[in-house]
$ cat protein-v1.cif   # mmCIF, N, CA and C atoms
data_protein
#
loop_
_atom_site.label_atom_id
_atom_site.label_comp_id
_atom_site.auth_asym_id
_atom_site.auth_seq_id
_atom_site.Cartn_x
_atom_site.Cartn_y
_atom_site.Cartn_z
N MET A 30 23.16 -8.49 11.86
CA MET A 30 21.89 -9.18 11.90
C MET A 30 20.76 -8.16 11.97
N GLU A 31 19.75 -8.37 11.15
CA GLU A 31 18.56 -7.52 11.16
C GLU A 31 17.67 -7.94 12.32
N LEU A 32 17.00 -6.97 12.92
CA LEU A 32 16.11 -7.28 14.05
C LEU A 32 15.00 -8.24 13.64
N ARG A 33 14.51 -8.13 12.41
CA ARG A 33 13.43 -9.02 11.98
C ARG A 33 13.87 -10.48 11.97
N ASP A 34 15.20 -10.73 11.90
CA ASP A 34 15.71 -12.09 11.96
C ASP A 34 15.51 -12.72 13.34
N LEU A 35 15.24 -11.88 14.34
CA LEU A 35 15.01 -12.35 15.71
C LEU A 35 13.56 -12.78 15.94
N LEU A 36 12.66 -12.45 15.02
CA LEU A 36 11.23 -12.72 15.23
C LEU A 36 10.91 -14.19 15.53
N PRO A 37 11.50 -15.17 14.81
CA PRO A 37 11.20 -16.56 15.15
C PRO A 37 11.60 -16.93 16.59
N GLU A 38 12.73 -16.43 17.05
CA GLU A 38 13.17 -16.73 18.42
C GLU A 38 12.24 -16.04 19.43
N ILE A 39 11.83 -14.82 19.14
CA ILE A 39 10.90 -14.10 20.03
C ILE A 39 9.58 -14.86 20.09
N GLU A 40 9.08 -15.27 18.93
CA GLU A 40 7.81 -16.01 18.88
C GLU A 40 7.89 -17.28 19.72
N LYS A 41 8.98 -18.03 19.55
CA LYS A 41 9.16 -19.27 20.31
C LYS A 41 9.18 -19.00 21.82
N SER A 42 9.73 -17.86 22.22
CA SER A 42 9.85 -17.52 23.63
C SER A 42 8.53 -17.10 24.27
N ILE A 43 7.67 -16.44 23.49
CA ILE A 43 6.44 -15.89 24.09
C ILE A 43 5.18 -16.73 23.83
N LEU A 44 5.21 -17.62 22.83
CA LEU A 44 4.02 -18.40 22.50
C LEU A 44 3.45 -19.22 23.67
N PRO A 45 4.28 -19.92 24.45
CA PRO A 45 3.69 -20.68 25.56
C PRO A 45 2.88 -19.80 26.52
N PHE A 46 3.38 -18.62 26.84
CA PHE A 46 2.65 -17.70 27.72
C PHE A 46 1.34 -17.25 27.06
N LEU A 47 1.41 -16.87 25.79
CA LEU A 47 0.21 -16.39 25.10
C LEU A 47 -0.84 -17.49 25.02
N GLU A 48 -0.42 -18.68 24.62
CA GLU A 48 -1.37 -19.79 24.48
C GLU A 48 -1.99 -20.17 25.81
N SER A 49 -1.22 -20.08 26.90
CA SER A 49 -1.77 -20.41 28.22
C SER A 49 -2.86 -19.42 28.63
N GLY A 50 -2.84 -18.22 28.05
CA GLY A 50 -3.86 -17.22 28.32
C GLY A 50 -4.97 -17.21 27.28
N GLY A 51 -4.98 -18.20 26.39
CA GLY A 51 -6.01 -18.29 25.37
C GLY A 51 -5.85 -17.28 24.25
N MET A 52 -4.64 -16.76 24.07
CA MET A 52 -4.40 -15.75 23.05
C MET A 52 -3.68 -16.35 21.85
N GLU A 53 -3.92 -15.72 20.71
CA GLU A 53 -3.29 -16.14 19.46
C GLU A 53 -2.46 -14.98 18.92
N LEU A 54 -1.26 -15.27 18.50
CA LEU A 54 -0.39 -14.27 17.89
C LEU A 54 -0.87 -14.03 16.46
N VAL A 55 -1.33 -12.81 16.18
CA VAL A 55 -1.82 -12.46 14.86
C VAL A 55 -0.69 -11.97 13.98
N GLU A 56 0.15 -11.11 14.55
CA GLU A 56 1.20 -10.50 13.77
C GLU A 56 2.29 -9.99 14.71
N MET A 57 3.52 -10.02 14.23
CA MET A 57 4.64 -9.49 15.00
C MET A 57 5.62 -8.89 13.99
N SER A 58 6.10 -7.66 14.29
CA SER A 58 7.01 -7.00 13.37
C SER A 58 7.92 -6.01 14.10
N PHE A 59 9.06 -5.75 13.49
CA PHE A 59 9.99 -4.72 13.97
C PHE A 59 9.89 -3.52 13.06
N HIS A 60 10.01 -2.34 13.64
CA HIS A 60 10.03 -1.09 12.88
C HIS A 60 11.16 -0.24 13.44
N GLY A 61 11.80 0.54 12.59
CA GLY A 61 12.88 1.43 13.04
C GLY A 61 14.17 0.69 13.28
N ARG A 62 15.16 1.46 13.82
CA ARG A 62 16.49 0.91 14.11
C ARG A 62 17.03 1.56 15.36
N GLY A 63 17.98 0.88 15.98
CA GLY A 63 18.68 1.44 17.15
C GLY A 63 17.73 1.84 18.26
N ARG A 64 17.90 3.05 18.78
CA ARG A 64 17.07 3.53 19.89
C ARG A 64 15.60 3.67 19.53
N THR A 65 15.31 3.73 18.25
CA THR A 65 13.91 3.87 17.83
C THR A 65 13.30 2.54 17.42
N SER A 66 13.92 1.42 17.78
CA SER A 66 13.39 0.11 17.44
C SER A 66 12.06 -0.13 18.16
N LEU A 67 11.08 -0.56 17.39
CA LEU A 67 9.74 -0.84 17.92
C LEU A 67 9.37 -2.26 17.57
N LEU A 68 9.07 -3.06 18.59
CA LEU A 68 8.55 -4.41 18.38
C LEU A 68 7.05 -4.33 18.57
N ARG A 69 6.31 -4.58 17.50
CA ARG A 69 4.85 -4.50 17.54
C ARG A 69 4.29 -5.92 17.52
N ILE A 70 3.48 -6.24 18.53
CA ILE A 70 2.86 -7.55 18.66
C ILE A 70 1.35 -7.37 18.68
N THR A 71 0.65 -8.06 17.78
CA THR A 71 -0.80 -7.99 17.72
C THR A 71 -1.36 -9.35 18.12
N LEU A 72 -2.29 -9.34 19.09
CA LEU A 72 -2.85 -10.56 19.66
C LEU A 72 -4.36 -10.60 19.47
N TRP A 73 -4.90 -11.79 19.46
CA TRP A 73 -6.35 -12.00 19.36
C TRP A 73 -6.76 -12.99 20.43
N LYS A 74 -7.95 -12.78 20.97
CA LYS A 74 -8.52 -13.71 21.94
C LYS A 74 -10.02 -13.72 21.73
N LYS A 75 -10.61 -14.90 21.72
CA LYS A 75 -12.06 -15.00 21.56
C LYS A 75 -12.72 -14.17 22.65
N GLY A 76 -13.65 -13.32 22.26
CA GLY A 76 -14.31 -12.44 23.22
C GLY A 76 -13.60 -11.11 23.40
N GLY A 77 -12.41 -10.97 22.79
CA GLY A 77 -11.67 -9.72 22.85
C GLY A 77 -10.67 -9.66 23.99
N ILE A 78 -9.80 -8.67 23.92
CA ILE A 78 -8.77 -8.45 24.93
C ILE A 78 -8.94 -7.02 25.44
N GLY A 79 -9.15 -6.88 26.73
CA GLY A 79 -9.32 -5.56 27.34
C GLY A 79 -7.98 -4.88 27.59
N ILE A 80 -8.04 -3.60 27.88
CA ILE A 80 -6.83 -2.81 28.10
C ILE A 80 -6.02 -3.32 29.29
N ASP A 81 -6.70 -3.77 30.35
CA ASP A 81 -5.98 -4.30 31.51
C ASP A 81 -5.20 -5.56 31.13
N GLU A 82 -5.81 -6.40 30.33
CA GLU A 82 -5.14 -7.63 29.91
C GLU A 82 -3.97 -7.31 28.96
N ILE A 83 -4.15 -6.33 28.08
CA ILE A 83 -3.07 -5.90 27.18
C ILE A 83 -1.88 -5.41 28.01
N SER A 84 -2.15 -4.62 29.06
CA SER A 84 -1.07 -4.12 29.92
C SER A 84 -0.34 -5.26 30.61
N LYS A 85 -1.11 -6.21 31.13
CA LYS A 85 -0.52 -7.37 31.82
C LYS A 85 0.35 -8.18 30.85
N VAL A 86 -0.16 -8.43 29.65
CA VAL A 86 0.58 -9.19 28.64
C VAL A 86 1.85 -8.43 28.25
N SER A 87 1.74 -7.12 28.08
CA SER A 87 2.89 -6.31 27.69
C SER A 87 4.00 -6.41 28.74
N ARG A 88 3.63 -6.30 30.01
CA ARG A 88 4.64 -6.41 31.07
C ARG A 88 5.28 -7.80 31.07
N HIS A 89 4.45 -8.84 30.97
CA HIS A 89 4.96 -10.20 31.04
C HIS A 89 5.85 -10.52 29.82
N VAL A 90 5.41 -10.14 28.63
CA VAL A 90 6.21 -10.39 27.43
C VAL A 90 7.53 -9.60 27.51
N GLY A 91 7.46 -8.36 27.98
CA GLY A 91 8.68 -7.56 28.17
C GLY A 91 9.64 -8.23 29.12
N ASP A 92 9.11 -8.79 30.21
CA ASP A 92 9.95 -9.51 31.18
C ASP A 92 10.61 -10.73 30.54
N ILE A 93 9.84 -11.49 29.76
CA ILE A 93 10.38 -12.68 29.10
C ILE A 93 11.53 -12.28 28.17
N LEU A 94 11.30 -11.25 27.36
CA LEU A 94 12.31 -10.82 26.39
C LEU A 94 13.55 -10.27 27.09
N ASP A 95 13.34 -9.54 28.18
CA ASP A 95 14.50 -8.98 28.91
C ASP A 95 15.29 -10.07 29.62
N GLN A 96 14.59 -11.05 30.22
CA GLN A 96 15.28 -12.14 30.91
C GLN A 96 16.12 -12.97 29.95
N ARG A 97 15.60 -13.19 28.76
CA ARG A 97 16.32 -14.01 27.78
C ARG A 97 17.28 -13.19 26.93
N ASP A 98 17.23 -11.88 27.08
CA ASP A 98 18.14 -10.95 26.39
C ASP A 98 18.22 -11.25 24.89
N ILE A 99 17.04 -11.37 24.28
CA ILE A 99 16.96 -11.73 22.86
C ILE A 99 17.25 -10.53 21.96
N ILE A 100 16.75 -9.36 22.36
CA ILE A 100 16.87 -8.16 21.52
C ILE A 100 18.04 -7.32 22.01
N PRO A 101 19.04 -7.10 21.16
CA PRO A 101 20.19 -6.29 21.58
C PRO A 101 19.80 -4.81 21.65
N GLY A 102 20.27 -4.13 22.68
CA GLY A 102 20.02 -2.70 22.80
C GLY A 102 18.62 -2.38 23.28
N LYS A 103 18.28 -1.10 23.15
CA LYS A 103 16.98 -0.63 23.61
C LYS A 103 15.93 -0.82 22.52
N TYR A 104 14.69 -1.01 22.96
CA TYR A 104 13.57 -1.14 22.03
C TYR A 104 12.30 -0.75 22.78
N THR A 105 11.27 -0.47 22.03
CA THR A 105 9.95 -0.21 22.59
C THR A 105 9.06 -1.37 22.20
N LEU A 106 8.27 -1.84 23.16
CA LEU A 106 7.34 -2.94 22.93
C LEU A 106 5.93 -2.37 22.86
N GLU A 107 5.21 -2.71 21.82
CA GLU A 107 3.82 -2.29 21.67
C GLU A 107 2.97 -3.54 21.49
N VAL A 108 2.01 -3.75 22.40
CA VAL A 108 1.11 -4.90 22.32
C VAL A 108 -0.29 -4.36 22.10
N SER A 109 -1.01 -4.93 21.13
CA SER A 109 -2.36 -4.47 20.85
C SER A 109 -3.21 -5.62 20.32
N SER A 110 -4.49 -5.36 20.16
CA SER A 110 -5.38 -6.31 19.51
C SER A 110 -5.67 -5.79 18.11
N PRO A 111 -6.13 -6.65 17.20
CA PRO A 111 -6.28 -6.23 15.82
C PRO A 111 -7.33 -5.15 15.59
N GLY A 112 -8.33 -5.05 16.41
CA GLY A 112 -9.39 -4.08 16.18
C GLY A 112 -10.39 -4.59 15.16
N LEU A 113 -11.59 -4.06 15.22
CA LEU A 113 -12.64 -4.53 14.33
C LEU A 113 -12.45 -4.09 12.88
N ASP A 114 -11.70 -3.02 12.66
CA ASP A 114 -11.57 -2.52 11.29
C ASP A 114 -10.37 -3.07 10.54
N ARG A 115 -9.67 -4.03 11.14
CA ARG A 115 -8.51 -4.62 10.48
C ARG A 115 -8.96 -5.45 9.28
N GLU A 116 -8.21 -5.37 8.19
CA GLU A 116 -8.52 -6.16 7.01
C GLU A 116 -8.30 -7.64 7.29
N LEU A 117 -9.18 -8.46 6.74
CA LEU A 117 -9.06 -9.91 6.85
C LEU A 117 -8.52 -10.41 5.52
N ARG A 118 -7.43 -11.18 5.57
CA ARG A 118 -6.81 -11.65 4.32
C ARG A 118 -6.48 -13.14 4.33
N THR A 119 -6.20 -13.69 5.50
CA THR A 119 -5.76 -15.09 5.57
C THR A 119 -6.86 -15.98 6.13
N GLU A 120 -6.67 -17.27 5.97
CA GLU A 120 -7.63 -18.23 6.52
C GLU A 120 -7.76 -18.03 8.03
N ALA A 121 -6.64 -17.78 8.71
CA ALA A 121 -6.69 -17.55 10.16
C ALA A 121 -7.48 -16.29 10.49
N ASP A 122 -7.33 -15.22 9.68
CA ASP A 122 -8.10 -13.99 9.90
C ASP A 122 -9.59 -14.29 9.80
N PHE A 123 -9.99 -15.03 8.76
CA PHE A 123 -11.40 -15.34 8.56
C PHE A 123 -11.93 -16.25 9.68
N ARG A 124 -11.11 -17.18 10.13
CA ARG A 124 -11.52 -18.07 11.21
C ARG A 124 -11.78 -17.28 12.49
N ARG A 125 -10.91 -16.30 12.78
CA ARG A 125 -11.10 -15.47 13.98
C ARG A 125 -12.37 -14.64 13.91
N ALA A 126 -12.88 -14.41 12.70
CA ALA A 126 -14.08 -13.58 12.52
C ALA A 126 -15.36 -14.42 12.40
N GLU A 127 -15.28 -15.73 12.69
CA GLU A 127 -16.48 -16.57 12.61
C GLU A 127 -17.58 -15.97 13.47
N GLY A 128 -18.79 -15.96 12.89
CA GLY A 128 -19.95 -15.40 13.59
C GLY A 128 -20.16 -13.92 13.32
N GLU A 129 -19.23 -13.29 12.62
CA GLU A 129 -19.32 -11.85 12.33
C GLU A 129 -19.88 -11.62 10.92
N LYS A 130 -20.70 -10.58 10.81
CA LYS A 130 -21.15 -10.14 9.49
C LYS A 130 -19.97 -9.44 8.82
N THR A 131 -19.65 -9.87 7.62
CA THR A 131 -18.43 -9.43 6.95
C THR A 131 -18.71 -9.10 5.49
N GLU A 132 -18.01 -8.07 5.00
CA GLU A 132 -18.06 -7.77 3.57
C GLU A 132 -16.79 -8.32 2.95
N PHE A 133 -16.96 -9.10 1.89
CA PHE A 133 -15.84 -9.71 1.18
C PHE A 133 -15.66 -9.00 -0.15
N PHE A 134 -14.45 -8.53 -0.41
CA PHE A 134 -14.13 -7.90 -1.69
C PHE A 134 -13.43 -8.96 -2.52
N LEU A 135 -14.05 -9.33 -3.62
CA LEU A 135 -13.57 -10.44 -4.42
C LEU A 135 -12.60 -9.96 -5.51
N ASN A 136 -11.77 -10.86 -5.95
CA ASN A 136 -10.75 -10.54 -6.96
C ASN A 136 -11.37 -10.05 -8.27
N ASP A 137 -12.62 -10.41 -8.54
CA ASP A 137 -13.26 -9.99 -9.80
C ASP A 137 -13.87 -8.59 -9.70
N GLY A 138 -13.65 -7.90 -8.57
CA GLY A 138 -14.15 -6.53 -8.41
C GLY A 138 -15.52 -6.43 -7.75
N THR A 139 -16.17 -7.55 -7.50
CA THR A 139 -17.48 -7.52 -6.84
C THR A 139 -17.30 -7.67 -5.34
N SER A 140 -18.39 -7.51 -4.59
CA SER A 140 -18.34 -7.74 -3.15
C SER A 140 -19.57 -8.53 -2.72
N VAL A 141 -19.42 -9.23 -1.61
CA VAL A 141 -20.47 -10.07 -1.06
C VAL A 141 -20.49 -9.82 0.44
N VAL A 142 -21.70 -9.78 1.02
CA VAL A 142 -21.83 -9.61 2.46
C VAL A 142 -22.53 -10.84 3.03
N GLY A 143 -22.03 -11.32 4.16
CA GLY A 143 -22.65 -12.44 4.83
C GLY A 143 -21.98 -12.70 6.17
N GLU A 144 -22.63 -13.51 6.99
CA GLU A 144 -22.07 -13.88 8.29
C GLU A 144 -21.22 -15.13 8.13
N ILE A 145 -19.99 -15.07 8.62
CA ILE A 145 -19.09 -16.22 8.50
C ILE A 145 -19.58 -17.33 9.42
N SER A 146 -19.95 -18.47 8.81
CA SER A 146 -20.41 -19.61 9.62
C SER A 146 -19.28 -20.59 9.91
N SER A 147 -18.34 -20.73 8.98
CA SER A 147 -17.19 -21.61 9.21
C SER A 147 -16.10 -21.32 8.18
N VAL A 148 -14.91 -21.79 8.50
CA VAL A 148 -13.77 -21.65 7.59
C VAL A 148 -13.05 -22.99 7.58
N ALA A 149 -12.93 -23.58 6.41
CA ALA A 149 -12.25 -24.88 6.32
C ALA A 149 -11.87 -25.15 4.87
N ASP A 150 -10.80 -25.90 4.70
CA ASP A 150 -10.38 -26.39 3.39
C ASP A 150 -10.27 -25.28 2.35
N GLY A 151 -9.71 -24.12 2.75
CA GLY A 151 -9.50 -23.04 1.80
C GLY A 151 -10.76 -22.30 1.39
N ARG A 152 -11.84 -22.46 2.16
CA ARG A 152 -13.11 -21.80 1.85
C ARG A 152 -13.67 -21.10 3.09
N VAL A 153 -14.32 -19.97 2.82
CA VAL A 153 -15.06 -19.27 3.87
C VAL A 153 -16.53 -19.52 3.58
N ASN A 154 -17.22 -20.16 4.52
CA ASN A 154 -18.65 -20.43 4.36
C ASN A 154 -19.42 -19.32 5.06
N ILE A 155 -20.32 -18.68 4.29
CA ILE A 155 -21.08 -17.57 4.85
C ILE A 155 -22.58 -17.83 4.71
N MET A 156 -23.34 -17.22 5.60
CA MET A 156 -24.79 -17.28 5.52
C MET A 156 -25.27 -15.94 4.98
N GLN A 157 -26.10 -16.02 3.95
CA GLN A 157 -26.78 -14.85 3.40
C GLN A 157 -28.25 -15.15 3.55
N GLY A 158 -28.82 -14.64 4.65
CA GLY A 158 -30.19 -15.00 4.97
C GLY A 158 -30.24 -16.48 5.34
N GLU A 159 -31.02 -17.25 4.60
CA GLU A 159 -31.14 -18.69 4.86
C GLU A 159 -30.19 -19.51 3.97
N GLU A 160 -29.50 -18.85 3.07
CA GLU A 160 -28.65 -19.54 2.10
C GLU A 160 -27.19 -19.54 2.54
N GLN A 161 -26.56 -20.71 2.43
CA GLN A 161 -25.12 -20.80 2.72
C GLN A 161 -24.35 -20.73 1.41
N VAL A 162 -23.30 -19.91 1.40
CA VAL A 162 -22.46 -19.72 0.22
C VAL A 162 -21.02 -20.01 0.62
N ALA A 163 -20.30 -20.73 -0.23
CA ALA A 163 -18.88 -21.02 0.02
C ALA A 163 -18.03 -20.15 -0.89
N LEU A 164 -17.12 -19.40 -0.30
CA LEU A 164 -16.21 -18.54 -1.06
C LEU A 164 -14.80 -19.09 -0.97
N PRO A 165 -14.16 -19.38 -2.10
CA PRO A 165 -12.76 -19.82 -2.04
C PRO A 165 -11.88 -18.66 -1.58
N ILE A 166 -11.02 -18.91 -0.62
CA ILE A 166 -10.18 -17.85 -0.05
C ILE A 166 -9.30 -17.23 -1.14
N GLU A 167 -8.81 -18.01 -2.10
CA GLU A 167 -7.96 -17.43 -3.13
C GLU A 167 -8.73 -16.45 -4.02
N GLY A 168 -10.05 -16.47 -3.99
CA GLY A 168 -10.86 -15.54 -4.76
C GLY A 168 -11.22 -14.27 -4.01
N ILE A 169 -10.77 -14.17 -2.74
CA ILE A 169 -11.08 -13.01 -1.89
C ILE A 169 -9.84 -12.12 -1.81
N SER A 170 -9.97 -10.85 -2.18
CA SER A 170 -8.83 -9.94 -2.05
C SER A 170 -8.71 -9.46 -0.61
N LYS A 171 -9.85 -9.23 0.07
CA LYS A 171 -9.84 -8.87 1.49
C LYS A 171 -11.26 -8.93 2.02
N GLY A 172 -11.35 -8.91 3.31
CA GLY A 172 -12.64 -8.86 3.98
C GLY A 172 -12.62 -7.81 5.07
N LYS A 173 -13.78 -7.27 5.40
CA LYS A 173 -13.90 -6.28 6.48
C LYS A 173 -15.14 -6.62 7.29
N ILE A 174 -14.99 -6.68 8.60
CA ILE A 174 -16.14 -6.89 9.47
C ILE A 174 -17.06 -5.69 9.35
N LYS A 175 -18.34 -5.94 9.18
CA LYS A 175 -19.33 -4.87 9.09
C LYS A 175 -19.75 -4.50 10.50
N ILE A 176 -19.44 -3.28 10.88
CA ILE A 176 -19.79 -2.81 12.21
C ILE A 176 -21.16 -2.17 12.15
N GLU A 177 -22.08 -2.72 12.94
CA GLU A 177 -23.45 -2.22 12.94
C GLU A 177 -23.77 -1.62 14.28
N PHE A 178 -24.47 -0.50 14.26
CA PHE A 178 -24.83 0.18 15.50
C PHE A 178 -26.31 0.09 15.73
#

$ encode --input "protein-v1.cif" --output "structure tokens"
Amino acid sequence: MELRDLLPEIEKSILPFLESGGMELVEMSFHGRGRTSLLRITLWKKGGIGIDEISKVSRHVGDILDQRDIIPGKYTLEVSSPGLDRELRTEADFRRAEGEKTEFFLNDGTSVVGEISSVADGRVNIMQGEEQVALPIEGISKGKIKIEF
């Protein structure tokens, strides 16, 4: 059995804890094999997740996985947040970025910048000044939050 085959069972085991803390599972993956197995979990929470909360979640998720003995052998657990520079590709990614100024790279090679006002029905609605524009998600190759200082 491949370790990645365990991901649905791991997700089912940790989701109640994550959801009770207002967190959303963004991504989960296994890397390596045997003693070098790494379980990487990426979480999102409105308002962000601080390092203390990441540490607490890491300990608690590790305890859940160890108690249920889901992963055979040794592994390393890495828990993190997506970070502002993570590419946005899915409807859920765009929804998590609501209210953020974002650059959208479109499939036709052009780009558009605007603040995400809402995401629904396969569209990302953005504000460009006073004008609202709807972008179909299937027409977006990726998005990046514009970090302004």

$ residues_near_point --input "protein-v1.cif" --point "(-26.2, -14.3, 3.0)" --cutoff "9 Å" --atoms "only C-alpha atoms" --output "list in words"
Val141, Val142, Gly143, Glu144, Ile155, Met156, Gln157, Gly158, Glu159, Glu160, Gln161 and Val162 of chain A

$ closest_residue --input "protein-v1.cif" --among "A:Ser49, A:Ser147, A:Ser109, A:Ser58" --to "Pro37 (chain A)" --atoms "only C-alpha atoms"
A:Ser58

$ closest_residue --input "protein-v1.cif" --among "A:Asp122, A:Glu132, A:Asp34, A:Glu127" --to "Ser146 (chain A)" --atoms "only N, CA and C atoms"
A:Glu127

$ residues_around --input "protein-v1.cif" --residues "Lys75 (chain A)" --least-positions-apart "4" --cutoff "8 Å" --atoms "only N, CA and C atoms" --output "PDB file with N, CA and C atoms, in the frame of the given file"
ATOM      1  N   GLY A  51      -4.980 -18.200  26.390  1.00  0.00           N
ATOM      2  CA  GLY A  51      -6.010 -18.290  25.370  1.00  0.00           C
ATOM      3  C   GLY A  51      -5.850 -17.280  24.250  1.00  0.00           C
ATOM      4  N   MET A  52      -4.640 -16.760  24.070  1.00  0.00           N
ATOM      5  CA  MET A  52      -4.400 -15.750  23.050  1.00  0.00           C
ATOM      6  C   MET A  52      -3.680 -16.350  21.850  1.00  0.00           C
ATOM      7  N   GLU A  53      -3.920 -15.720  20.710  1.00  0.00           N
ATOM      8  CA  GLU A  53      -3.290 -16.140  19.460  1.00  0.00           C
ATOM      9  C   GLU A  53      -2.460 -14.980  18.920  1.00  0.00           C
ATOM     10  N   ARG A 125     -10.910 -16.300  12.780  1.00  0.00           N
ATOM     11  CA  ARG A 125     -11.100 -15.470  13.980  1.00  0.00           C
ATOM     12  C   ARG A 125     -12.370 -14.640  13.910  1.00  0.00           C
TER      13      ARG A 125
END

$ residues_around --input "protein-v1.cif" --residues "Glu120 (chain A)" --least-positions-apart "2" --cutoff "8 Å" --atoms "all atoms listed in the file" --output "ChimeraX atom specification"
/A:117-118,122-126,148-149,151-153,166

$ resolve_selection --input "protein-v1.cif" --expression "the PyMOL selection byres (((chain A and resi 36 and name CA) around 12) and name CA)" --output "ChimeraX atom specification"
/A:30-35,37-44,56-60,68-70,94,99-100

$ select_by_dssp --input "protein-v1.cif" --residues "chain A" --states "strand (DSSP E or B)" --output "MDAnalysis selection string"
chainID A and resid 53:60 67:73 105:109 117 130:135 140:149 152:157 160:165 169:174

$ residues_around --input "protein-v1.cif" --residues "Ile176 (chain A)" --least-positions-apart "3" --cutoff "8 Å" --atoms "only N, CA and C atoms" --output "list in words"
Leu113, Asp114, Lys130, Thr131, Glu132 and Lys173 of chain A

$ select_by_dssp --input "protein-v1.cif" --residues "region 96-126 of chain A" --states "alpha helix (DSSP H)" --output "ChimeraX atom specification"
/A:96-97,120-125

$ atom_distance --input "protein-v1.cif" --atom1 "CA of Ile145 (chain A)" --atom2 "CA of Glu129 (chain A)"
5.8 Å

$ atom_distance --input "protein-v1.cif" --atom1 "atom N of Arg97 (chain A)" --atom2 "atom C of Leu67 (chain A)"
16.8 Å

$ atom_distance --input "protein-v1.cif" --atom1 "CA of Glu48 (chain A)" --atom2 "atom C of Thr65 (chain A)"
27.6 Å

$ resolve_selection --input "protein-v1.cif" --expression "the PyMOL selection byres ((chain A and resi 136) around 7)" --output "PDB file with N, CA and C atoms, in the coordinates of the input"
ATOM      1  N   PHE A 134     -14.450  -8.530  -0.410  1.00  0.00           N
ATOM      2  CA  PHE A 134     -14.130  -7.900  -1.690  1.00  0.00           C
ATOM      3  C   PHE A 134     -13.430  -8.960  -2.520  1.00  0.00           C
ATOM      4  N   LEU A 135     -14.050  -9.330  -3.620  1.00  0.00           N
ATOM      5  CA  LEU A 135     -13.570 -10.440  -4.420  1.00  0.00           C
ATOM      6  C   LEU A 135     -12.600  -9.960  -5.510  1.00  0.00           C
ATOM      7  N   ASP A 137     -12.620 -10.410  -8.540  1.00  0.00           N
ATOM      8  CA  ASP A 137     -13.260  -9.990  -9.800  1.00  0.00           C
ATOM      9  C   ASP A 137     -13.870  -8.590  -9.700  1.00  0.00           C
ATOM     10  N   GLY A 138     -13.650  -7.900  -8.570  1.00  0.00           N
ATOM     11  CA  GLY A 138     -14.150  -6.530  -8.410  1.00  0.00           C
ATOM     12  C   GLY A 138     -15.520  -6.430  -7.750  1.00  0.00           C
ATOM     13  N   THR A 139     -16.170  -7.550  -7.500  1.00  0.00           N
ATOM     14  CA  THR A 139     -17.480  -7.520  -6.840  1.00  0.00           C
ATOM     15  C   THR A 139     -17.300  -7.670  -5.340  1.00  0.00           C
ATOM     16  N   GLU A 167      -8.810 -18.010  -2.100  1.00  0.00           N
ATOM     17  CA  GLU A 167      -7.960 -17.430  -3.130  1.00  0.00           C
ATOM     18  C   GLU A 167      -8.730 -16.450  -4.020  1.00  0.00           C
ATOM     19  N   GLY A 168     -10.050 -16.470  -3.990  1.00  0.00           N
ATOM     20  CA  GLY A 168     -10.860 -15.540  -4.760  1.00  0.00           C
ATOM     21  C   GLY A 168     -11.220 -14.270  -4.010  1.00  0.00           C
ATOM     22  N   ILE A 169     -10.770 -14.170  -2.740  1.00  0.00           N
ATOM     23  CA  ILE A 169     -11.080 -13.010  -1.890  1.00  0.00           C
ATOM     24  C   ILE A 169      -9.840 -12.120  -1.810  1.00  0.00           C
ATOM     25  N   SER A 170      -9.970 -10.850  -2.180  1.00  0.00           N
ATOM     26  CA  SER A 170      -8.830  -9.940  -2.050  1.00  0.00           C
ATOM     27  C   SER A 170      -8.710  -9.460  -0.610  1.00  0.00           C
ATOM     28  N   LYS A 171      -9.850  -9.230   0.070  1.00  0.00           N
ATOM     29  CA  LYS A 171      -9.840  -8.870   1.490  1.00  0.00           C
ATOM     30  C   LYS A 171     -11.260  -8.930   2.020  1.00  0.00           C
TER      31      LYS A 171
END

$ residues_around --input "protein-v1.cif" --residues "Leu47 (chain A)" --least-positions-apart "6" --cutoff "10 Å" --atoms "only C-alpha atoms" --output "list in words"
Glu40, Glu53, Leu54, Leu72, Trp73, Lys74, Val86, His89 and Val90 of chain A

$ axis_aligned_box --input "protein-v1.cif" --around "region 44-51 of chain A" --padding-each-side "4 Å" --output "lines of an AutoDock Vina configuration file"
center_x = -0.4
center_y = -18.5
center_z = 25.6
size_x = 19.2
size_y = 12.3
size_z = 14.1

$ closest_residue --input "protein-v1.cif" --among "A:Gly172, A:Gly77, A:Gly91, A:Gly102" --to "Thr119 (chain A)" --atoms "all atoms listed in the file"
A:Gly172

$ decode --input "protein-v1.cif" --residues "region 41-47 of chain A" --atoms "N, CA and C atoms" --output "mmCIF file, in the first residue's frame"
data_model
loop_
_atom_site.group_PDB
_atom_site.id
_atom_site.type_symbol
_atom_site.label_atom_id
_atom_site.label_comp_id
_atom_site.auth_asym_id
_atom_site.auth_seq_id
_atom_site.Cartn_x
_atom_site.Cartn_y
_atom_site.Cartn_z
ATOM 1 N N LYS A 41 -10.179 12.143 7.247
ATOM 2 C CA LYS A 41 -11.378 11.854 8.035
ATOM 3 C C LYS A 41 -11.084 11.930 9.539
ATOM 4 N N SER A 42 -9.884 11.541 9.937
ATOM 5 C CA SER A 42 -9.512 11.526 11.350
ATOM 6 C C SER A 42 -9.236 12.914 11.916
ATOM 7 N N ILE A 43 -8.691 13.813 11.087
ATOM 8 C CA ILE A 43 -8.283 15.122 11.616
ATOM 9 C C ILE A 43 -9.271 16.260 11.325
ATOM 10 N N LEU A 44 -10.167 16.079 10.344
ATOM 11 C CA LEU A 44 -11.085 17.154 9.977
ATOM 12 C C LEU A 44 -11.946 17.677 11.133
ATOM 13 N N PRO A 45 -12.528 16.813 11.965
ATOM 14 C CA PRO A 45 -13.342 17.358 13.065
ATOM 15 C C PRO A 45 -12.548 18.310 13.969
ATOM 16 N N PHE A 46 -11.309 17.968 14.287
ATOM 17 C CA PHE A 46 -10.474 18.839 15.111
ATOM 18 C C PHE A 46 -10.188 20.158 14.385
ATOM 19 N N LEU A 47 -9.818 20.074 13.117
ATOM 20 C CA LEU A 47 -9.498 21.289 12.359
ATOM 21 C C LEU A 47 -10.709 22.202 12.252
#
